[in-house]
>>> print(open('input-v7.txt').read())   # compact mmCIF, N, CA and C atoms
# COMPACT_ATOMS: atom_id res chain seq x y z
N MET A 1 86.72 96.01 91.20
CA MET A 1 87.38 95.72 89.95
C MET A 1 86.38 95.01 89.04
N ASN A 2 86.47 95.33 87.74
CA ASN A 2 85.57 94.71 86.77
C ASN A 2 86.31 94.43 85.46
N GLU A 3 85.58 93.92 84.47
CA GLU A 3 86.20 93.58 83.18
C GLU A 3 86.85 94.79 82.51
N ASN A 4 86.26 95.95 82.66
CA ASN A 4 86.85 97.16 82.06
C ASN A 4 88.19 97.50 82.69
N ASP A 5 88.30 97.33 84.01
CA ASP A 5 89.57 97.58 84.69
C ASP A 5 90.65 96.62 84.19
N ILE A 6 90.28 95.36 84.00
CA ILE A 6 91.22 94.35 83.53
C ILE A 6 91.68 94.67 82.11
N ALA A 7 90.73 94.98 81.23
CA ALA A 7 91.08 95.33 79.85
C ALA A 7 91.97 96.56 79.81
N GLN A 8 91.69 97.52 80.65
CA GLN A 8 92.50 98.75 80.68
C GLN A 8 93.93 98.45 81.16
N ALA A 9 94.07 97.65 82.20
CA ALA A 9 95.41 97.34 82.73
C ALA A 9 96.25 96.61 81.67
N LEU A 10 95.66 95.60 81.05
CA LEU A 10 96.40 94.85 80.02
C LEU A 10 96.61 95.69 78.77
N GLY A 11 95.61 96.47 78.39
CA GLY A 11 95.71 97.31 77.20
C GLY A 11 96.78 98.38 77.33
N GLN A 12 96.86 99.00 78.49
CA GLN A 12 97.89 100.02 78.71
C GLN A 12 99.28 99.41 78.57
N ARG A 13 99.44 98.20 79.07
CA ARG A 13 100.74 97.52 78.94
C ARG A 13 101.03 97.20 77.47
N LEU A 14 100.03 96.71 76.74
CA LEU A 14 100.20 96.39 75.32
C LEU A 14 100.60 97.62 74.52
N GLN A 15 100.05 98.76 74.85
CA GLN A 15 100.34 99.99 74.11
C GLN A 15 101.77 100.48 74.30
N THR A 16 102.53 99.87 75.21
CA THR A 16 103.94 100.22 75.36
C THR A 16 104.82 99.48 74.36
N LEU A 17 104.23 98.62 73.56
CA LEU A 17 104.98 97.86 72.54
C LEU A 17 105.67 98.82 71.59
N SER A 18 106.97 98.66 71.42
CA SER A 18 107.72 99.52 70.50
C SER A 18 107.29 99.24 69.07
N ASP A 19 107.16 100.30 68.28
CA ASP A 19 106.77 100.19 66.87
C ASP A 19 105.48 99.39 66.68
N ALA A 20 104.53 99.59 67.59
CA ALA A 20 103.27 98.85 67.51
C ALA A 20 102.47 99.28 66.28
N PRO A 21 101.93 98.32 65.55
CA PRO A 21 101.01 98.67 64.47
C PRO A 21 99.68 99.11 65.09
N PRO A 22 98.72 99.55 64.28
CA PRO A 22 97.41 99.92 64.84
C PRO A 22 96.81 98.76 65.62
N ILE A 23 96.11 99.10 66.70
CA ILE A 23 95.49 98.10 67.57
C ILE A 23 93.98 98.28 67.51
N TYR A 24 93.25 97.18 67.28
CA TYR A 24 91.79 97.19 67.27
C TYR A 24 91.31 96.32 68.41
N TRP A 25 90.41 96.90 69.23
CA TRP A 25 89.95 96.27 70.45
C TRP A 25 88.61 95.58 70.24
N ASP A 26 88.20 94.83 71.26
CA ASP A 26 86.88 94.19 71.25
C ASP A 26 85.84 95.19 70.76
N ASN A 27 84.93 94.71 69.98
CA ASN A 27 83.80 95.51 69.52
C ASN A 27 84.21 96.67 68.61
N GLN A 28 85.36 96.57 67.96
CA GLN A 28 85.77 97.55 66.95
C GLN A 28 85.95 96.81 65.63
N ASP A 29 85.43 97.39 64.57
CA ASP A 29 85.67 96.84 63.24
C ASP A 29 87.00 97.35 62.72
N VAL A 30 87.71 96.48 62.02
CA VAL A 30 88.92 96.91 61.33
C VAL A 30 88.45 97.53 60.01
N PRO A 31 88.79 98.79 59.75
CA PRO A 31 88.35 99.42 58.50
C PRO A 31 88.87 98.65 57.28
N LYS A 32 88.06 98.58 56.25
CA LYS A 32 88.46 97.87 55.03
C LYS A 32 89.71 98.50 54.41
N THR A 33 89.96 99.75 54.71
CA THR A 33 91.12 100.44 54.15
C THR A 33 92.38 100.24 54.99
N GLN A 34 92.27 99.52 56.14
CA GLN A 34 93.42 99.32 57.02
C GLN A 34 94.42 98.36 56.36
N ALA A 35 95.62 98.85 56.16
CA ALA A 35 96.68 98.00 55.62
C ALA A 35 97.23 97.10 56.72
N ARG A 36 97.75 95.95 56.33
CA ARG A 36 98.43 95.07 57.27
C ARG A 36 99.87 95.56 57.41
N PRO A 37 100.46 95.42 58.54
CA PRO A 37 100.05 94.69 59.73
C PRO A 37 99.21 95.53 60.69
N TYR A 38 98.49 94.82 61.55
CA TYR A 38 97.76 95.43 62.66
C TYR A 38 97.51 94.36 63.71
N LEU A 39 97.05 94.78 64.87
CA LEU A 39 96.74 93.87 65.97
C LEU A 39 95.26 93.88 66.26
N VAL A 40 94.71 92.72 66.62
CA VAL A 40 93.33 92.60 67.04
C VAL A 40 93.35 92.00 68.45
N VAL A 41 92.64 92.66 69.38
CA VAL A 41 92.62 92.23 70.77
C VAL A 41 91.24 91.73 71.14
N GLN A 42 91.21 90.58 71.82
CA GLN A 42 89.95 90.04 72.32
C GLN A 42 90.14 89.66 73.78
N MET A 43 89.29 90.19 74.63
CA MET A 43 89.31 89.85 76.05
C MET A 43 88.38 88.66 76.27
N VAL A 44 88.87 87.66 77.01
CA VAL A 44 88.09 86.45 77.27
C VAL A 44 88.07 86.21 78.78
N PRO A 45 87.05 86.77 79.46
CA PRO A 45 86.98 86.58 80.91
C PRO A 45 86.58 85.14 81.24
N GLY A 46 86.93 84.71 82.46
CA GLY A 46 86.51 83.39 82.93
C GLY A 46 85.00 83.34 83.08
N GLN A 47 84.50 82.16 83.38
CA GLN A 47 83.05 81.96 83.49
C GLN A 47 82.40 82.90 84.49
N SER A 48 82.95 82.97 85.68
CA SER A 48 82.40 83.88 86.69
C SER A 48 83.48 84.12 87.74
N PRO A 49 83.46 85.28 88.35
CA PRO A 49 84.46 85.54 89.39
C PRO A 49 84.31 84.57 90.55
N ALA A 50 85.40 84.16 91.14
CA ALA A 50 85.39 83.30 92.32
C ALA A 50 85.64 84.16 93.55
N ARG A 51 85.52 83.56 94.69
CA ARG A 51 85.82 84.27 95.93
C ARG A 51 86.88 83.48 96.69
N ILE A 52 87.92 84.19 97.09
CA ILE A 52 88.96 83.59 97.91
C ILE A 52 89.19 84.54 99.08
N SER A 53 89.10 84.02 100.29
CA SER A 53 89.29 84.82 101.50
C SER A 53 88.41 86.06 101.49
N GLY A 54 87.19 85.94 100.99
CA GLY A 54 86.24 87.04 101.00
C GLY A 54 86.40 88.03 99.87
N GLY A 55 87.43 87.90 99.04
CA GLY A 55 87.61 88.82 97.93
C GLY A 55 87.26 88.17 96.61
N ARG A 56 86.96 88.99 95.61
CA ARG A 56 86.63 88.46 94.29
C ARG A 56 87.91 88.22 93.50
N VAL A 57 87.92 87.14 92.76
CA VAL A 57 89.05 86.77 91.92
C VAL A 57 88.54 86.62 90.50
N HIS A 58 89.16 87.32 89.57
CA HIS A 58 88.79 87.23 88.16
C HIS A 58 89.93 86.52 87.43
N THR A 59 89.58 85.56 86.59
CA THR A 59 90.58 84.90 85.76
C THR A 59 90.13 85.00 84.31
N GLY A 60 91.06 84.84 83.40
CA GLY A 60 90.72 84.86 81.98
C GLY A 60 91.99 85.04 81.18
N PHE A 61 91.81 85.46 79.93
CA PHE A 61 92.98 85.72 79.10
C PHE A 61 92.67 86.79 78.07
N MET A 62 93.72 87.38 77.58
CA MET A 62 93.63 88.34 76.49
C MET A 62 94.31 87.71 75.28
N HIS A 63 93.60 87.66 74.15
CA HIS A 63 94.19 87.22 72.88
C HIS A 63 94.62 88.45 72.12
N VAL A 64 95.87 88.46 71.69
CA VAL A 64 96.35 89.51 70.79
C VAL A 64 96.75 88.80 69.50
N THR A 65 96.09 89.15 68.42
CA THR A 65 96.37 88.54 67.13
C THR A 65 97.15 89.50 66.26
N VAL A 66 98.31 89.06 65.82
CA VAL A 66 99.12 89.82 64.87
C VAL A 66 98.61 89.44 63.48
N VAL A 67 98.15 90.43 62.73
CA VAL A 67 97.62 90.18 61.38
C VAL A 67 98.59 90.78 60.37
N SER A 68 99.12 89.92 59.50
CA SER A 68 100.04 90.38 58.46
C SER A 68 99.65 89.74 57.14
N GLU A 69 100.43 90.01 56.10
CA GLU A 69 100.09 89.53 54.76
C GLU A 69 100.51 88.09 54.54
N VAL A 70 99.70 87.39 53.78
CA VAL A 70 100.04 86.05 53.32
C VAL A 70 100.99 86.20 52.14
N GLY A 71 101.81 85.19 51.91
CA GLY A 71 102.69 85.20 50.75
C GLY A 71 104.04 85.84 51.01
N LYS A 72 104.27 86.24 52.24
CA LYS A 72 105.56 86.79 52.64
C LYS A 72 106.06 85.93 53.78
N PHE A 73 107.32 86.03 54.11
CA PHE A 73 107.81 85.29 55.27
C PHE A 73 107.05 85.74 56.51
N ALA A 74 106.94 84.85 57.48
CA ALA A 74 106.21 85.14 58.72
C ALA A 74 107.07 85.90 59.73
N THR A 75 108.20 86.42 59.30
CA THR A 75 109.14 87.08 60.20
C THR A 75 108.49 88.18 61.01
N TYR A 76 107.75 89.08 60.36
CA TYR A 76 107.14 90.20 61.08
C TYR A 76 106.19 89.68 62.17
N ALA A 77 105.31 88.76 61.80
CA ALA A 77 104.34 88.23 62.77
C ALA A 77 105.07 87.52 63.91
N ASN A 78 106.07 86.74 63.59
CA ASN A 78 106.81 86.02 64.63
C ASN A 78 107.52 86.97 65.59
N GLU A 79 108.19 87.98 65.05
CA GLU A 79 108.91 88.92 65.89
C GLU A 79 107.97 89.77 66.74
N THR A 80 106.89 90.23 66.13
CA THR A 80 105.93 91.04 66.88
C THR A 80 105.27 90.22 67.98
N ALA A 81 104.90 88.99 67.68
CA ALA A 81 104.30 88.12 68.70
C ALA A 81 105.27 87.87 69.84
N ALA A 82 106.54 87.66 69.53
CA ALA A 82 107.55 87.45 70.57
C ALA A 82 107.71 88.71 71.43
N ASN A 83 107.67 89.87 70.81
CA ASN A 83 107.77 91.13 71.55
C ASN A 83 106.56 91.36 72.45
N ILE A 84 105.39 90.98 71.97
CA ILE A 84 104.18 91.08 72.81
C ILE A 84 104.31 90.14 74.00
N ALA A 85 104.71 88.90 73.76
CA ALA A 85 104.88 87.93 74.84
C ALA A 85 105.86 88.44 75.89
N ALA A 86 106.93 89.10 75.44
CA ALA A 86 107.94 89.61 76.37
C ALA A 86 107.39 90.70 77.28
N LEU A 87 106.34 91.38 76.85
CA LEU A 87 105.72 92.42 77.69
C LEU A 87 104.95 91.84 78.88
N PHE A 88 104.60 90.55 78.79
CA PHE A 88 103.74 89.92 79.79
C PHE A 88 104.40 88.67 80.37
N PRO A 89 105.53 88.83 81.07
CA PRO A 89 106.20 87.66 81.63
C PRO A 89 105.41 87.05 82.80
N TYR A 90 105.68 85.80 83.06
CA TYR A 90 105.09 85.08 84.19
C TYR A 90 105.29 85.89 85.48
N GLU A 91 104.23 86.02 86.23
CA GLU A 91 104.18 86.70 87.54
C GLU A 91 104.31 88.22 87.46
N LEU A 92 104.26 88.81 86.26
CA LEU A 92 104.17 90.26 86.17
C LEU A 92 102.92 90.70 86.91
N THR A 93 103.04 91.74 87.73
CA THR A 93 101.90 92.27 88.46
C THR A 93 101.66 93.70 87.99
N LEU A 94 100.38 93.99 87.68
CA LEU A 94 99.98 95.33 87.22
C LEU A 94 98.89 95.86 88.13
N PRO A 95 98.86 97.18 88.38
CA PRO A 95 97.72 97.74 89.09
C PRO A 95 96.47 97.58 88.23
N CYS A 96 95.36 97.29 88.89
CA CYS A 96 94.12 97.03 88.15
C CYS A 96 92.94 97.49 88.98
N GLY A 97 92.33 98.60 88.58
CA GLY A 97 91.22 99.14 89.37
C GLY A 97 91.68 99.37 90.79
N THR A 98 90.95 98.79 91.74
CA THR A 98 91.33 98.92 93.16
C THR A 98 92.18 97.74 93.63
N GLY A 99 92.60 96.88 92.70
CA GLY A 99 93.38 95.71 93.07
C GLY A 99 94.61 95.55 92.20
N LYS A 100 94.92 94.30 91.91
CA LYS A 100 96.08 94.02 91.08
C LYS A 100 95.78 92.85 90.16
N LEU A 101 96.55 92.77 89.09
CA LEU A 101 96.42 91.71 88.10
C LEU A 101 97.78 91.04 87.98
N THR A 102 97.79 89.71 87.91
CA THR A 102 99.03 88.96 87.80
C THR A 102 98.96 88.03 86.59
N ILE A 103 100.05 87.99 85.83
CA ILE A 103 100.15 87.07 84.69
C ILE A 103 100.47 85.70 85.27
N THR A 104 99.70 84.68 84.88
CA THR A 104 99.76 83.38 85.56
C THR A 104 100.55 82.30 84.82
N THR A 105 100.98 82.57 83.59
CA THR A 105 101.75 81.57 82.86
C THR A 105 102.86 82.27 82.08
N ASP A 106 103.80 81.49 81.58
CA ASP A 106 104.79 82.04 80.66
C ASP A 106 104.05 82.34 79.36
N THR A 107 104.01 83.61 78.99
CA THR A 107 103.30 83.99 77.77
C THR A 107 104.14 83.60 76.56
N GLN A 108 103.56 82.79 75.68
CA GLN A 108 104.25 82.32 74.48
C GLN A 108 103.36 82.53 73.27
N PRO A 109 103.93 82.92 72.13
CA PRO A 109 103.14 82.99 70.91
C PRO A 109 102.68 81.60 70.48
N GLY A 110 101.48 81.54 69.94
CA GLY A 110 100.98 80.29 69.39
C GLY A 110 101.41 80.13 67.94
N PRO A 111 100.97 79.07 67.29
CA PRO A 111 101.32 78.88 65.88
C PRO A 111 100.60 79.89 65.00
N GLY A 112 101.18 80.19 63.86
CA GLY A 112 100.53 81.06 62.89
C GLY A 112 99.58 80.25 62.02
N PHE A 113 98.63 80.94 61.41
CA PHE A 113 97.69 80.26 60.50
C PHE A 113 97.17 81.23 59.46
N ARG A 114 96.76 80.68 58.35
CA ARG A 114 96.21 81.49 57.27
C ARG A 114 94.72 81.69 57.48
N ASP A 115 94.26 82.92 57.19
CA ASP A 115 92.84 83.27 57.26
C ASP A 115 92.55 84.12 56.03
N GLY A 116 92.16 83.50 54.93
CA GLY A 116 91.95 84.23 53.68
C GLY A 116 93.25 84.84 53.21
N SER A 117 93.27 86.15 53.07
CA SER A 117 94.49 86.83 52.62
C SER A 117 95.34 87.32 53.79
N ASP A 118 95.01 86.89 55.00
CA ASP A 118 95.75 87.29 56.20
C ASP A 118 96.59 86.13 56.74
N TRP A 119 97.72 86.46 57.32
CA TRP A 119 98.48 85.54 58.15
C TRP A 119 98.29 86.00 59.58
N ARG A 120 97.86 85.11 60.45
CA ARG A 120 97.55 85.47 61.83
C ARG A 120 98.38 84.66 62.81
N LYS A 121 98.83 85.33 63.84
CA LYS A 121 99.59 84.68 64.91
C LYS A 121 99.06 85.22 66.23
N ILE A 122 98.59 84.31 67.08
CA ILE A 122 97.94 84.70 68.34
C ILE A 122 98.89 84.56 69.52
N VAL A 123 98.83 85.54 70.40
CA VAL A 123 99.52 85.48 71.69
C VAL A 123 98.43 85.48 72.75
N GLN A 124 98.46 84.49 73.64
CA GLN A 124 97.48 84.41 74.72
C GLN A 124 98.13 84.81 76.03
N ILE A 125 97.52 85.79 76.70
CA ILE A 125 98.05 86.29 77.97
C ILE A 125 97.05 85.92 79.07
N ASP A 126 97.42 84.95 79.91
CA ASP A 126 96.56 84.48 81.00
C ASP A 126 96.74 85.35 82.23
N TYR A 127 95.63 85.66 82.91
CA TYR A 127 95.71 86.54 84.09
C TYR A 127 94.84 86.05 85.23
N PHE A 128 95.13 86.61 86.38
CA PHE A 128 94.41 86.39 87.63
C PHE A 128 94.35 87.78 88.27
N ALA A 129 93.17 88.28 88.56
CA ALA A 129 93.04 89.62 89.12
C ALA A 129 92.26 89.58 90.43
N THR A 130 92.77 90.32 91.42
CA THR A 130 92.10 90.37 92.73
C THR A 130 91.92 91.81 93.18
>>> encode(input="input-v7.txt", output="structure tokens")
Amino acid sequence: MNENDIAQALGQRLQTLSDAPPIYWDNQDVPKTQARPYLVVQMVPGQSPARISGGRVHTGFMHVTVVSEVGKFATYANETAANIAALFPYELTLPCGTGKLTITTDTQPGPGFRDGSDWRKIVQIDYFAT
């Protein structure tokens, strides 16, 4: 199992989001012509894999940022973030490469914040993969 397997397992689950706006992954530019809303995904692996009982353990988190317009109610961002969080409940287990991935915390949306002409709301999904 490697970082690509982890990103694929979490990404496949994210893509099941109903009425999902366009999703942009690590190392992808959002086109200047892309209208809001959209999602930006960033994978944040732990410092280094650990070993437990002879097997490798990967920890880290996936940030999903809901990007919407400033100057409107935050309803869309709040609802979309809540729907994303609901896809990744505590102890959800997903197949991942030759192993499995488990969500390690209750996934909750974070606070929203302004970024220029964007309103952003981040959902952090913590994982443990073996």
>>> closest_residue(input="input-v7.txt", among="A:Thr98, A:Phe61, A:Pro31, A:Phe88", to="Arg13 of chain A", atoms="all atoms listed in the file")
A:Phe88
>>> atom_distance(input="input-v7.txt", atom1="atom C of Arg120 of chain A", atom2="atom CA of Val44 of chain A")
17.8 Å
>>> atom_distance(input="input-v7.txt", atom1="atom CA of Leu101 of chain A", atom2="atom CA of Leu14 of chain A")
14.1 Å
>>> atom_distance(input="input-v7.txt", atom1="atom C of Val70 of chain A", atom2="atom N of Gln124 of chain A")
21.7 Å
>>> closest_residue(input="input-v7.txt", among="A:Ile103, A:Met43, A:Leu87, A:Ala129", to="Thr16 of chain A", atoms="all atoms listed in the file")
A:Leu87
>>> select_by_dssp(input="input-v7.txt", residues="chain A", states="strand (DSSP E)", output="PyMOL selection string")
chain A and resi 23-24+38-45+50-52+55-69+93-96+99-103+109-115+118-129
>>> closest_residue(input="input-v7.txt", among="A:Ile23, A:Val57, A:Ile6, A:Ile125", to="Pro95 of chain A", atoms="only N, CA and C atoms")
A:Ile6
>>> select_by_dssp(input="input-v7.txt", residues="chain A", states="helix (DSSP H, G or I)", output="mmCIF file with N, CA and C atoms, in the frame of the given file")
data_model
loop_
_atom_site.group_PDB
_atom_site.id
_atom_site.type_symbol
_atom_site.label_atom_id
_atom_site.label_comp_id
_atom_site.auth_asym_id
_atom_site.auth_seq_id
_atom_site.Cartn_x
_atom_site.Cartn_y
_atom_site.Cartn_z
ATOM 1 N N GLU A 3 85.580 93.920 84.470
ATOM 2 C CA GLU A 3 86.200 93.580 83.180
ATOM 3 C C GLU A 3 86.850 94.790 82.510
ATOM 4 N N ASN A 4 86.260 95.950 82.660
ATOM 5 C CA ASN A 4 86.850 97.160 82.060
ATOM 6 C C ASN A 4 88.190 97.500 82.690
ATOM 7 N N ASP A 5 88.300 97.330 84.010
ATOM 8 C CA ASP A 5 89.570 97.580 84.690
ATOM 9 C C ASP A 5 90.650 96.620 84.190
ATOM 10 N N ILE A 6 90.280 95.360 84.000
ATOM 11 C CA ILE A 6 91.220 94.350 83.530
ATOM 12 C C ILE A 6 91.680 94.670 82.110
ATOM 13 N N ALA A 7 90.730 94.980 81.230
ATOM 14 C CA ALA A 7 91.080 95.330 79.850
ATOM 15 C C ALA A 7 91.970 96.560 79.810
ATOM 16 N N GLN A 8 91.690 97.520 80.650
ATOM 17 C CA GLN A 8 92.500 98.750 80.680
ATOM 18 C C GLN A 8 93.930 98.450 81.160
ATOM 19 N N ALA A 9 94.070 97.650 82.200
ATOM 20 C CA ALA A 9 95.410 97.340 82.730
ATOM 21 C C ALA A 9 96.250 96.610 81.670
ATOM 22 N N LEU A 10 95.660 95.600 81.050
ATOM 23 C CA LEU A 10 96.400 94.850 80.020
ATOM 24 C C LEU A 10 96.610 95.690 78.770
ATOM 25 N N GLY A 11 95.610 96.470 78.390
ATOM 26 C CA GLY A 11 95.710 97.310 77.200
ATOM 27 C C GLY A 11 96.780 98.380 77.330
ATOM 28 N N GLN A 12 96.860 99.000 78.490
ATOM 29 C CA GLN A 12 97.890 100.020 78.710
ATOM 30 C C GLN A 12 99.280 99.410 78.570
ATOM 31 N N ARG A 13 99.440 98.200 79.070
ATOM 32 C CA ARG A 13 100.740 97.520 78.940
ATOM 33 C C ARG A 13 101.030 97.200 77.470
ATOM 34 N N LEU A 14 100.030 96.710 76.740
ATOM 35 C CA LEU A 14 100.200 96.390 75.320
ATOM 36 C C LEU A 14 100.600 97.620 74.520
ATOM 37 N N THR A 75 108.200 86.420 59.300
ATOM 38 C CA THR A 75 109.140 87.080 60.200
ATOM 39 C C THR A 75 108.490 88.180 61.010
ATOM 40 N N TYR A 76 107.750 89.080 60.360
ATOM 41 C CA TYR A 76 107.140 90.200 61.080
ATOM 42 C C TYR A 76 106.190 89.680 62.170
ATOM 43 N N ALA A 77 105.310 88.760 61.800
ATOM 44 C CA ALA A 77 104.340 88.230 62.770
ATOM 45 C C ALA A 77 105.070 87.520 63.910
ATOM 46 N N ASN A 78 106.070 86.740 63.590
ATOM 47 C CA ASN A 78 106.810 86.020 64.630
ATOM 48 C C ASN A 78 107.520 86.970 65.590
ATOM 49 N N GLU A 79 108.190 87.980 65.050
ATOM 50 C CA GLU A 79 108.910 88.920 65.890
ATOM 51 C C GLU A 79 107.970 89.770 66.740
ATOM 52 N N THR A 80 106.890 90.230 66.130
ATOM 53 C CA THR A 80 105.930 91.040 66.880
ATOM 54 C C THR A 80 105.270 90.220 67.980
ATOM 55 N N ALA A 81 104.900 88.990 67.680
ATOM 56 C CA ALA A 81 104.300 88.120 68.700
ATOM 57 C C ALA A 81 105.270 87.870 69.840
ATOM 58 N N ALA A 82 106.540 87.660 69.530
ATOM 59 C CA ALA A 82 107.550 87.450 70.570
ATOM 60 C C ALA A 82 107.710 88.710 71.430
ATOM 61 N N ASN A 83 107.670 89.870 70.810
ATOM 62 C CA ASN A 83 107.770 91.130 71.550
ATOM 63 C C ASN A 83 106.560 91.360 72.450
ATOM 64 N N ILE A 84 105.390 90.980 71.970
ATOM 65 C CA ILE A 84 104.180 91.080 72.810
ATOM 66 C C ILE A 84 104.310 90.140 74.000
ATOM 67 N N ALA A 85 104.710 88.900 73.760
ATOM 68 C CA ALA A 85 104.880 87.930 74.840
ATOM 69 C C ALA A 85 105.860 88.440 75.890
ATOM 70 N N ALA A 86 106.930 89.100 75.440
ATOM 71 C CA ALA A 86 107.940 89.610 76.370
ATOM 72 C C ALA A 86 107.390 90.700 77.280
ATOM 73 N N LEU A 87 106.340 91.380 76.850
ATOM 74 C CA LEU A 87 105.720 92.420 77.690
ATOM 75 C C LEU A 87 104.950 91.840 78.880
#
>>> closest_residue(input="input-v7.txt", among="A:Ser68, A:Ser18, A:Thr59, A:Gln8", to="Ala35 of chain A", atoms="all atoms listed in the file")
A:Ser68
>>> residues_near_point(input="input-v7.txt", point="(93.9, 89.2, 66.0)", cutoff="8 Å", atoms="all atoms listed in the file", output="list in words")
Tyr24, Tyr38, Leu39, Val40, Val41, Gln42, His63, Val64, Thr65, Val66, Val67, Arg120, Lys121, Ile122 and Val123 of chain A
>>> closest_residue(input="input-v7.txt", among="A:Tyr127, A:Gln34, A:Ala86, A:Gly116", to="Ala7 of chain A", atoms="only C-alpha atoms")
A:Tyr127
